[in-house]
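Student: My structure file start-v2.json, JSON, C-alpha atoms, is below:
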[["chain", "number", "residue", "atom", "x", "y", "z"],
["A", 228, "MET", "CA", -11.30, -10.81, -6.95],
["A", 229, "ASP", "CA", -13.31, -7.77, -8.00],
["A", 230, "VAL", "CA", -11.23, -4.60, -7.41],
["A", 231, "ILE", "CA", -12.57, -1.13, -8.22],
["A", 232, "ASN", "CA", -10.61, 2.12, -8.34],
["A", 233, "VAL", "CA", -13.07, 4.37, -6.51],
["A", 234, "THR", "CA", -11.11, 7.54, -7.30],
["A", 235, "ALA", "CA", -10.89, 6.87, -11.04],
["A", 236, "ASP", "CA", -13.10, 9.87, -11.93],
["A", 237, "ALA", "CA", -11.35, 12.36, -9.66],
["A", 238, "GLU", "CA", -10.78, 15.88, -10.95],
["A", 239, "VAL", "CA", -8.18, 16.64, -8.27],
["A", 240, "PHE", "CA", -4.76, 15.15, -7.61],
["A", 241, "THR", "CA", -5.27, 11.94, -5.67],
["A", 242, "SER", "CA", -3.86, 8.50, -5.30],
["A", 243, "ASN", "CA", -5.81, 5.56, -6.58],
["A", 244, "ALA", "CA", -8.04, 4.09, -3.87],
["A", 245, "TYR", "CA", -8.97, 0.46, -4.38],
["A", 246, "LEU", "CA", -12.12, -1.21, -3.14],
["A", 247, "ALA", "CA", -11.53, -4.96, -3.03],
["A", 248, "LEU", "CA", -14.87, -6.75, -2.84],
["A", 249, "GLY", "CA", -15.37, -10.28, -1.58],
["A", 250, "ASP", "CA", -15.82, -11.92, 1.78],
["A", 251, "GLU", "CA", -14.18, -8.99, 3.56],
["A", 252, "PRO", "CA", -14.66, -5.74, 1.60],
["A", 253, "THR", "CA", -11.47, -3.76, 2.03],
["A", 254, "LEU", "CA", -10.35, -0.29, 0.95],
["A", 255, "VAL", "CA", -6.68, 0.17, 0.15],
["A", 256, "ASP", "CA", -5.96, 3.88, 0.69],
["A", 257, "ALA", "CA", -8.68, 6.52, 0.88],
["A", 258, "GLY", "CA", -7.35, 9.04, -1.64],
["A", 259, "ALA", "CA", -8.09, 12.75, -1.73],
["A", 260, "MET", "CA", -11.29, 12.90, -3.77],
["A", 261, "ASP", "CA", -14.44, 14.47, -2.36],
["A", 262, "GLY", "CA", -17.32, 12.06, -2.75],
["A", 263, "VAL", "CA", -15.26, 8.88, -2.43],
["A", 264, "VAL", "CA", -17.75, 7.58, 0.17],
["A", 265, "ASP", "CA", -20.58, 7.85, -2.35],
["A", 266, "VAL", "CA", -18.61, 5.83, -4.89],
["A", 267, "ILE", "CA", -17.84, 3.13, -2.33],
["A", 268, "ARG", "CA", -21.54, 2.93, -1.42],
["A", 269, "GLU", "CA", -22.39, 2.24, -5.04],
["A", 270, "HIS", "CA", -20.66, -1.12, -4.56],
["A", 271, "THR", "CA", -21.00, -2.05, -0.88],
["A", 272, "ASP", "CA", -22.81, -0.96, 2.27],
["A", 273, "THR", "CA", -20.05, -2.16, 4.57],
["A", 274, "LEU", "CA", -16.29, -2.11, 4.82],
["A", 275, "GLU", "CA", -14.31, -4.58, 6.88],
["A", 276, "ARG", "CA", -11.18, -2.43, 7.02],
["A", 277, "VAL", "CA", -9.17, 0.38, 5.46],
["A", 278, "LEU", "CA", -5.49, -0.27, 4.74],
["A", 279, "VAL", "CA", -3.01, 2.59, 4.41],
["A", 280, "THR", "CA", 0.01, 2.06, 2.17],
["A", 281, "HIS", "CA", 1.61, 5.27, 3.47],
["A", 282, "GLN", "CA", 0.51, 8.59, 4.87],
["A", 283, "HIS", "CA", 1.19, 11.07, 2.07],
["A", 284, "SER", "CA", -1.76, 13.43, 1.77],
["A", 285, "ASP", "CA", -2.94, 12.15, -1.61],
["A", 286, "HIS", "CA", -3.46, 8.74, 0.00],
["A", 287, "VAL", "CA", -5.06, 9.76, 3.32],
["A", 288, "ALA", "CA", -6.85, 13.09, 2.84],
["A", 289, "GLU", "CA", -10.26, 11.37, 2.86],
["A", 290, "LEU", "CA", -9.35, 8.79, 5.50],
["A", 291, "ASP", "CA", -11.32, 10.54, 8.26],
["A", 292, "THR", "CA", -14.39, 10.80, 6.02],
["A", 293, "VAL", "CA", -14.26, 7.13, 5.06],
["A", 294, "CYS", "CA", -13.63, 5.87, 8.59],
["A", 295, "SER", "CA", -16.46, 7.98, 9.98],
["A", 296, "ALA", "CA", -18.93, 6.99, 7.26],
["A", 297, "PHE", "CA", -18.36, 3.25, 7.65],
["A", 298, "ASP", "CA", -17.22, 3.08, 11.30],
["A", 299, "VAL", "CA", -14.37, 0.94, 10.04],
["A", 300, "ASP", "CA", -11.04, -0.23, 11.44],
["A", 301, "CYS", "CA", -7.93, 1.45, 10.04],
["A", 302, "TYR", "CA", -4.66, -0.42, 9.56],
["A", 303, "ALA", "CA", -1.41, 1.50, 9.10],
["A", 304, "PHE", "CA", 2.31, 0.98, 9.66],
["A", 305, "ALA", "CA", 3.00, 4.34, 11.33],
["A", 306, "ASP", "CA", 1.06, 6.05, 14.07],
["A", 307, "HIS", "CA", -2.06, 7.95, 12.99],
["A", 308, "SER", "CA", -4.96, 9.32, 15.02],
["A", 309, "LEU", "CA", -7.35, 7.01, 13.15],
["A", 310, "ARG", "CA", -5.21, 3.87, 13.29],
["A", 311, "THR", "CA", -6.85, 1.03, 15.18],
["A", 312, "HIS", "CA", -4.40, -1.72, 14.14],
["A", 313, "GLU", "CA", -0.65, -1.48, 13.58],
["A", 314, "LEU", "CA", 0.75, -3.17, 10.49],
["A", 315, "ALA", "CA", 4.13, -4.89, 10.68],
["A", 316, "ASP", "CA", 6.31, -6.52, 8.07],
["A", 317, "GLY", "CA", 5.31, -10.16, 7.67],
["A", 318, "ASP", "CA", 1.74, -9.76, 8.90],
["A", 319, "THR", "CA", -1.01, -11.40, 6.86],
["A", 320, "ILE", "CA", -4.30, -9.66, 6.19],
["A", 321, "THR", "CA", -7.34, -10.32, 4.04],
["A", 322, "VAL", "CA", -7.94, -7.90, 1.18],
["A", 323, "GLY", "CA", -11.38, -8.66, -0.24],
["A", 324, "ASP", "CA", -11.07, -12.41, -0.46],
["A", 325, "GLU", "CA", -7.31, -12.73, -0.93],
["A", 326, "GLU", "CA", -4.82, -13.34, 1.86],
["A", 327, "CYS", "CA", -1.95, -10.85, 1.53],
["A", 328, "GLU", "CA", 1.40, -10.50, 3.24],
["A", 329, "VAL", "CA", 2.41, -7.06, 4.52],
["A", 330, "VAL", "CA", 5.82, -6.05, 3.17],
["A", 331, "HIS", "CA", 7.53, -2.96, 4.58],
["A", 332, "THR", "CA", 8.74, -1.08, 1.49],
["A", 333, "PRO", "CA", 10.35, 2.24, 2.52],
["A", 334, "GLY", "CA", 12.12, 4.67, 0.21],
["A", 335, "HIS", "CA", 9.25, 6.74, -1.13],
["A", 336, "GLY", "CA", 8.07, 7.00, 2.47],
["A", 337, "ASP", "CA", 9.48, 5.56, 5.69],
["A", 338, "ASP", "CA", 6.09, 4.10, 6.59],
["A", 339, "HIS", "CA", 5.35, 2.60, 3.18],
["A", 340, "VAL", "CA", 3.94, -0.93, 3.02],
["A", 341, "SER", "CA", 2.79, -3.10, 0.13],
["A", 342, "PHE", "CA", 0.37, -6.02, 0.17],
["A", 343, "VAL", "CA", 1.40, -9.19, -1.67],
["A", 344, "GLY", "CA", -1.22, -11.86, -2.34],
["A", 345, "GLU", "CA", -1.33, -15.08, -4.32],
["A", 346, "ASP", "CA", -2.49, -13.26, -7.45],
["A", 347, "SER", "CA", -2.39, -9.55, -6.64],
["A", 348, "LEU", "CA", 0.07, -6.86, -5.61],
["A", 349, "PHE", "CA", -1.14, -3.65, -3.97],
["A", 350, "SER", "CA", 2.08, -1.69, -4.37],
["A", 351, "GLY", "CA", 1.19, 1.84, -3.28],
["A", 352, "ASP", "CA", 3.85, 4.12, -4.73],
["A", 353, "VAL", "CA", 6.92, 1.89, -4.49],
["A", 354, "VAL", "CA", 6.35, 0.50, -8.01],
["A", 355, "VAL", "CA", 3.76, 1.44, -10.62],
["A", 356, "TYR", "CA", 2.96, 0.32, -14.13],
["A", 357, "ASN", "CA", 2.80, 3.76, -15.77],
["A", 358, "ASP", "CA", 2.81, 7.23, -14.25],
["A", 359, "GLY", "CA", 3.83, 9.83, -16.84],
["A", 360, "ALA", "CA", 7.53, 9.34, -16.15],
["A", 361, "PHE", "CA", 7.86, 5.78, -17.47],
["A", 362, "ASP", "CA", 5.54, 3.28, -19.08],
["A", 363, "ASP", "CA", 5.61, -0.46, -18.40],
["A", 364, "GLY", "CA", 7.51, -0.25, -15.13],
["A", 365, "SER", "CA", 8.09, 2.83, -13.00],
["A", 366, "PHE", "CA", 8.81, 3.59, -9.34],
["A", 367, "GLY", "CA", 7.99, 6.14, -6.67],
["A", 368, "ARG", "CA", 9.81, 9.43, -6.59],
["A", 369, "THR", "CA", 12.65, 9.79, -4.10],
["A", 370, "ASP", "CA", 13.72, 13.41, -4.56],
["A", 371, "TYR", "CA", 11.90, 15.01, -1.62],
["A", 372, "PRO", "CA", 13.24, 15.27, 1.95],
["A", 373, "GLY", "CA", 12.92, 12.03, 3.88],
["A", 374, "MET", "CA", 12.94, 9.89, 0.74],
["A", 375, "SER", "CA", 15.73, 7.56, -0.37],
["A", 376, "ARG", "CA", 16.46, 5.96, -3.73],
["A", 377, "GLU", "CA", 18.71, 3.38, -2.07],
["A", 378, "ARG", "CA", 15.98, 2.26, 0.32],
["A", 379, "LEU", "CA", 13.47, 2.18, -2.52],
["A", 380, "ILE", "CA", 15.76, -0.10, -4.53],
["A", 381, "GLU", "CA", 16.09, -2.42, -1.53],
["A", 382, "SER", "CA", 12.30, -2.42, -1.16],
["A", 383, "ILE", "CA", 11.70, -3.38, -4.79],
["A", 384, "ARG", "CA", 14.22, -6.21, -4.43],
["A", 385, "GLU", "CA", 12.38, -7.35, -1.30],
["A", 386, "LEU", "CA", 9.08, -7.35, -3.16],
["A", 387, "LEU", "CA", 10.55, -9.57, -5.85],
["A", 388, "ASP", "CA", 11.85, -11.96, -3.19],
["A", 389, "ARG", "CA", 8.46, -12.16, -1.47],
["A", 390, "MET", "CA", 6.12, -12.42, -4.47],
["A", 391, "SER", "CA", 5.25, -15.34, -6.69],
["A", 392, "ASP", "CA", 4.02, -15.09, -10.29],
["A", 393, "LEU", "CA", 1.24, -12.55, -9.82],
["A", 394, "SER", "CA", -1.33, -11.54, -12.42],
["A", 395, "ALA", "CA", -2.56, -8.12, -11.23],
["A", 396, "MET", "CA", -0.88, -4.99, -9.84],
["A", 397, "TYR", "CA", -2.83, -2.19, -8.20],
["A", 398, "SER", "CA", -0.55, 0.79, -7.67],
["A", 399, "GLY", "CA", -1.07, 4.21, -6.14],
["A", 400, "HIS", "CA", -0.92, 6.04, -9.48],
["A", 401, "GLY", "CA", -1.37, 5.15, -13.11],
["A", 402, "ASP", "CA", -3.27, 2.24, -14.56],
["A", 403, "VAL", "CA", -4.05, -1.17, -13.13],
["A", 404, "TYR", "CA", -1.81, -3.78, -14.74],
["A", 405, "THR", "CA", -2.88, -7.33, -15.54],
["A", 406, "GLY", "CA", -0.39, -9.83, -16.87],
["A", 407, "ASP", "CA", 3.14, -10.75, -15.82],
["A", 408, "VAL", "CA", 3.55, -8.53, -12.74],
["A", 409, "ARG", "CA", 7.04, -9.80, -11.98],
["A", 410, "SER", "CA", 8.35, -8.52, -15.32],
["A", 411, "VAL", "CA", 6.96, -5.04, -14.62],
["A", 412, "VAL", "CA", 8.51, -4.95, -11.14],
["A", 413, "GLU", "CA", 11.84, -6.09, -12.58],
["A", 414, "ARG", "CA", 11.75, -3.25, -15.13],
["A", 415, "SER", "CA", 10.93, -0.83, -12.32],
["A", 416, "LEU", "CA", 13.99, -2.06, -10.43],
["A", 417, "GLU", "CA", 16.23, -1.72, -13.48],
["A", 418, "ARG", "CA", 15.17, 1.89, -13.96],
["A", 419, "ALA", "CA", 15.53, 2.75, -10.28],
["A", 420, "GLU", "CA", 19.02, 1.22, -10.20],
["A", 421, "ARG", "CA", 20.19, 3.65, -12.87],
["A", 422, "ARG", "CA", 19.87, 6.33, -10.15],
["A", 423, "GLU", "CA", 18.92, 8.93, -12.74],
["A", 424, "PRO", "CA", 16.38, 11.62, -11.78],
["A", 425, "LYS", "CA", 12.87, 10.37, -12.33],
["A", 426, "TYR", "CA", 11.71, 13.84, -13.36],
["A", 427, "PRO", "CA", 14.88, 15.45, -14.80],
["A", 428, "ASP", "CA", 13.13, 18.70, -15.76],
["A", 429, "GLU", "CA", 11.94, 19.48, -12.23]]
Starting from the file, give its structure as structure tokens.

Tutor:
Amino acid sequence: MDVINVTADAEVFTSNAYLALGDEPTLVDAGAMDGVVDVIREHTDTLERVLVTHQHSDHVAELDTVCSAFDVDCYAFADHSLRTHELADGDTITVGDEECEVVHTPGHGDDHVSFVGEDSLFSGDVVVYNDGAFDDGSFGRTDYPGMSRERLIESIRELLDRMSDLSAMYSGHGDVYTGDVRSVVERSLERAERREPKYPDE
């Protein structure tokens, strides 16, 4: 599956937004970068759907712009004015040309979901490969109100239970990882279970 980070050249703080091409072109998160619609249009004229991993501003700031430009359905776990379809744990949905299971993964956000396919993991912010705090296995921050390290740990364990041996991880921040995804997620869990501050100097 051809997956493009359409916010890769952003000069502002934004999440990664992934355009998964294939039979059903799908955008996972919209990010917060002006001009994201122009980047998407460099690769496709149509979108089948937009999936929201969670509704933090860096993931949804450009959601209205994208939905308006492509007149596209929006799938999210929690209520949103643009949501046309509600996501629930255990749902299956096509991302590009890969069938993915929706996994509710709270902790970083109550409404957080991840998408687990046969080869790919779209993990949002629950686990990432590298993000400036840790390399080769990190996890979403849990030090703001409404967040929970304990729930995040449970969510990472749930991901491991629900995923097979995947070869690509597309997370909300940091680099795309290709290789043994399970080993990265396991290292993320080990670090989260230490319950040490992710950013001790803040």

Student: Could you jot down the atom CA of A:Asp324 to atom CA of A:His281 separation for me, Å, one decimal place?

Tutor: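 Computing the Euclidean distance for atom CA of A:Asp324 and atom CA of A:His281 yields 22.1 Å.
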
Student: Taking 4 positions as the minimum chain separation for residues in the same chain, which residues sit within 10 Å of A:Arg368 when counting only C-alpha atoms? Answer as an mmCIF file with C-alpha atoms, in the frame of the given file.

Tutor:
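This is the output file around_30.cif:
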data_model
loop_
_atom_site.group_PDB
_atom_site.id
_atom_site.type_symbol
_atom_site.label_atom_id
_atom_site.label_comp_id
_atom_site.auth_asym_id
_atom_site.auth_seq_id
_atom_site.Cartn_x
_atom_site.Cartn_y
_atom_site.Cartn_z
ATOM 1 C CA GLY A 334 12.120 4.670 0.210
ATOM 2 C CA HIS A 335 9.250 6.740 -1.130
ATOM 3 C CA GLY A 336 8.070 7.000 2.470
ATOM 4 C CA ASP A 352 3.850 4.120 -4.730
ATOM 5 C CA VAL A 353 6.920 1.890 -4.490
ATOM 6 C CA VAL A 354 6.350 0.500 -8.010
ATOM 7 C CA ALA A 360 7.530 9.340 -16.150
ATOM 8 C CA MET A 374 12.940 9.890 0.740
ATOM 9 C CA SER A 375 15.730 7.560 -0.370
ATOM 10 C CA ARG A 376 16.460 5.960 -3.730
ATOM 11 C CA LEU A 379 13.470 2.180 -2.520
ATOM 12 C CA ALA A 419 15.530 2.750 -10.280
ATOM 13 C CA PRO A 424 16.380 11.620 -11.780
ATOM 14 C CA LYS A 425 12.870 10.370 -12.330
ATOM 15 C CA TYR A 426 11.710 13.840 -13.360
#

Student: Using all atoms listed in the file, find the one residue out of A:Thr292, A:Ser410, A:Glu251, A:Val263 that sits nearest to A:Glu275.

Tutor: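 Among the listed residues, A:Glu251 lies closest to A:Glu275.
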
Student: Which protein, DNA or RNA residues have an atom at most 8 Å from (-7.9, 7.3, 11.1), counting all atoms listed in the file? List them as a PDB file with C-alpha atoms, in the frame of the given file.

Tutor:
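The new file part.pdb reads:
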ATOM      1  CA  LEU A 290      -9.350   8.790   5.500  1.00  0.00           C
ATOM      2  CA  ASP A 291     -11.320  10.540   8.260  1.00  0.00           C
ATOM      3  CA  CYS A 294     -13.630   5.870   8.590  1.00  0.00           C
ATOM      4  CA  CYS A 301      -7.930   1.450  10.040  1.00  0.00           C
ATOM      5  CA  HIS A 307      -2.060   7.950  12.990  1.00  0.00           C
ATOM      6  CA  SER A 308      -4.960   9.320  15.020  1.00  0.00           C
ATOM      7  CA  LEU A 309      -7.350   7.010  13.150  1.00  0.00           C
ATOM      8  CA  ARG A 310      -5.210   3.870  13.290  1.00  0.00           C
ATOM      9  CA  THR A 311      -6.850   1.030  15.180  1.00  0.00           C
TER      10      THR A 311
END

Student: Rank nothing, just name the residue among A:Val277, A:Val266, A:Ala235, A:Leu314 nearest to A:Asp300, using all atoms listed in the file.

Tutor: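 When distances to A:Asp300 are compared using all atoms listed in the file, the smallest one comes from A:Val277.
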
Student: Measure the distance from atom CA of A:Ser382 to atom CA of A:Val330 in Å and round it to one decimal.

Tutor: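 Atom CA of A:Val330 lies at a distance of 8.6 Å from atom CA of A:Ser382.
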
Student: Go through A:Val287, A:Val279, A:Ala395, A:Val293 and flag the residue nearest A:Ala259, using all atoms listed in the file for the distances.

Tutor: A:Val287

Student: At what distance in Å, to one decimal, does atom CA of A:Val355 lie from atom CA of A:Glu417?

Tutor: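 Those two atoms sit 13.2 Å apart.
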
Student: Within 9 Å of A:Ala244, counting only C-alpha atoms, which residues qualify if same-chain residues fewer than 3 places away don't, as JSON, numbers by chain?

Tutor: {"A": [231, 232, 233, 234, 235, 241, 254, 255, 256, 257, 258, 259, 263, 286, 399]}

Student: Using the selection just defined, write its residues with C-alpha atoms as a short mmCIF file (atom, residue, chain, number, x, y, z; two decimals), in the coordinates of the input.

Tutor:
data_model
loop_
_atom_site.label_atom_id
_atom_site.label_comp_id
_atom_site.auth_asym_id
_atom_site.auth_seq_id
_atom_site.Cartn_x
_atom_site.Cartn_y
_atom_site.Cartn_z
CA ILE A 231 -12.57 -1.13 -8.22
CA ASN A 232 -10.61 2.12 -8.34
CA VAL A 233 -13.07 4.37 -6.51
CA THR A 234 -11.11 7.54 -7.30
CA ALA A 235 -10.89 6.87 -11.04
CA THR A 241 -5.27 11.94 -5.67
CA LEU A 254 -10.35 -0.29 0.95
CA VAL A 255 -6.68 0.17 0.15
CA ASP A 256 -5.96 3.88 0.69
CA ALA A 257 -8.68 6.52 0.88
CA GLY A 258 -7.35 9.04 -1.64
CA ALA A 259 -8.09 12.75 -1.73
CA VAL A 263 -15.26 8.88 -2.43
CA HIS A 286 -3.46 8.74 0.00
CA GLY A 399 -1.07 4.21 -6.14
#

Student: Which residue gives the smallest distance to A:Glu377 among A:Asp236, A:Glu328, A:Pro333, A:Pro252, with only C-alpha atoms counted?

Tutor: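 With only C-alpha atoms as the atom set, the closest residue is A:Pro333.
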
Student: Of the candidates A:His331, A:Arg268, A:Arg409, A:Arg414, which one gets nearest to A:Glu381 if we count all atoms listed in the file?

Tutor: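 Of A:His331, A:Arg268, A:Arg409, A:Arg414, the one nearest A:Glu381, counting all atoms listed in the file, is A:His331.
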
Student: Please determine, counting only C-alpha atoms, which residue among A:Phe366, A:Asp392, A:Arg378, A:Glu238 has the shortest atom-to-atom distance to A:Leu416.

Tutor: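 Ranked by minimum distance to A:Leu416, first place goes to A:Phe366.
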
Student: Mind listing as a PyMOL selection string all residues within 12 Å of (-0.8, -16.5, 6.7), counting all atoms listed in the file?

Tutor: chain A and resi 317-321+325-329+343-345

Student: Give me the residues within 10 Å of A:Val408 as a VMD selection string, counting all atoms listed in the file and dropping any in the same chain fewer than 6 places off.

Tutor: chain A and resid 346 to 348 356 364 387 390 to 396

Student: Will you give me stretch 245-301 of chain A, written with C-alpha atoms and laid out as a short mmCIF file (atom, residue, chain, number, x, y, z; two decimals), in the first residue's frame?

Tutor:
data_model
loop_
_atom_site.label_atom_id
_atom_site.label_comp_id
_atom_site.auth_asym_id
_atom_site.auth_seq_id
_atom_site.Cartn_x
_atom_site.Cartn_y
_atom_site.Cartn_z
CA TYR A 245 -1.40 9.98 6.13
CA LEU A 246 -2.88 9.58 2.68
CA ALA A 247 -3.34 5.87 1.98
CA LEU A 248 -3.79 5.35 -1.75
CA GLY A 249 -5.40 2.32 -3.33
CA ASP A 250 -8.92 1.21 -4.12
CA GLU A 251 -10.36 3.54 -1.48
CA PRO A 252 -8.10 6.59 -0.95
CA THR A 253 -8.25 7.39 2.74
CA LEU A 254 -6.81 10.18 4.89
CA VAL A 255 -5.88 9.29 8.45
CA ASP A 256 -6.03 12.56 10.41
CA ALA A 257 -6.04 15.98 8.75
CA GLY A 258 -3.26 17.68 10.70
CA ALA A 259 -2.83 21.40 11.25
CA MET A 260 -0.88 22.47 8.17
CA ASP A 261 -2.21 25.13 5.82
CA GLY A 262 -2.14 23.81 2.28
CA VAL A 263 -2.71 20.16 3.16
CA VAL A 264 -5.48 20.00 0.55
CA ASP A 265 -3.03 21.02 -2.18
CA VAL A 266 -0.64 18.25 -1.15
CA ILE A 267 -3.43 15.66 -1.19
CA ARG A 268 -4.46 16.81 -4.68
CA GLU A 269 -0.94 16.15 -5.93
CA HIS A 270 -1.70 12.46 -5.40
CA THR A 271 -5.46 12.01 -5.82
CA ASP A 272 -8.54 13.90 -6.96
CA THR A 273 -10.87 12.02 -4.64
CA LEU A 274 -11.01 10.81 -1.07
CA GLU A 275 -13.24 7.99 0.08
CA ARG A 276 -13.08 8.95 3.75
CA VAL A 277 -11.21 10.76 6.49
CA LEU A 278 -10.45 8.84 9.69
CA VAL A 279 -9.77 10.66 12.96
CA THR A 280 -7.52 8.95 15.49
CA HIS A 281 -8.46 11.52 18.15
CA GLN A 282 -9.55 15.12 18.33
CA HIS A 283 -6.51 16.98 19.63
CA SER A 284 -6.07 20.17 17.63
CA ASP A 285 -2.86 19.10 15.90
CA HIS A 286 -4.81 16.21 14.35
CA VAL A 287 -8.05 17.98 13.38
CA ALA A 288 -7.30 21.67 12.80
CA GLU A 289 -7.58 21.23 9.02
CA LEU A 290 -10.44 18.71 9.15
CA ASP A 291 -13.07 21.24 8.06
CA THR A 292 -10.90 22.35 5.12
CA VAL A 293 -10.29 18.79 3.95
CA CYS A 294 -13.91 17.68 4.33
CA SER A 295 -15.17 20.74 2.47
CA ALA A 296 -12.63 20.43 -0.35
CA PHE A 297 -13.36 16.76 -1.05
CA ASP A 298 -16.98 16.51 0.18
CA VAL A 299 -15.85 13.44 2.06
CA ASP A 300 -17.27 11.32 4.88
CA CYS A 301 -15.62 11.72 8.29
#
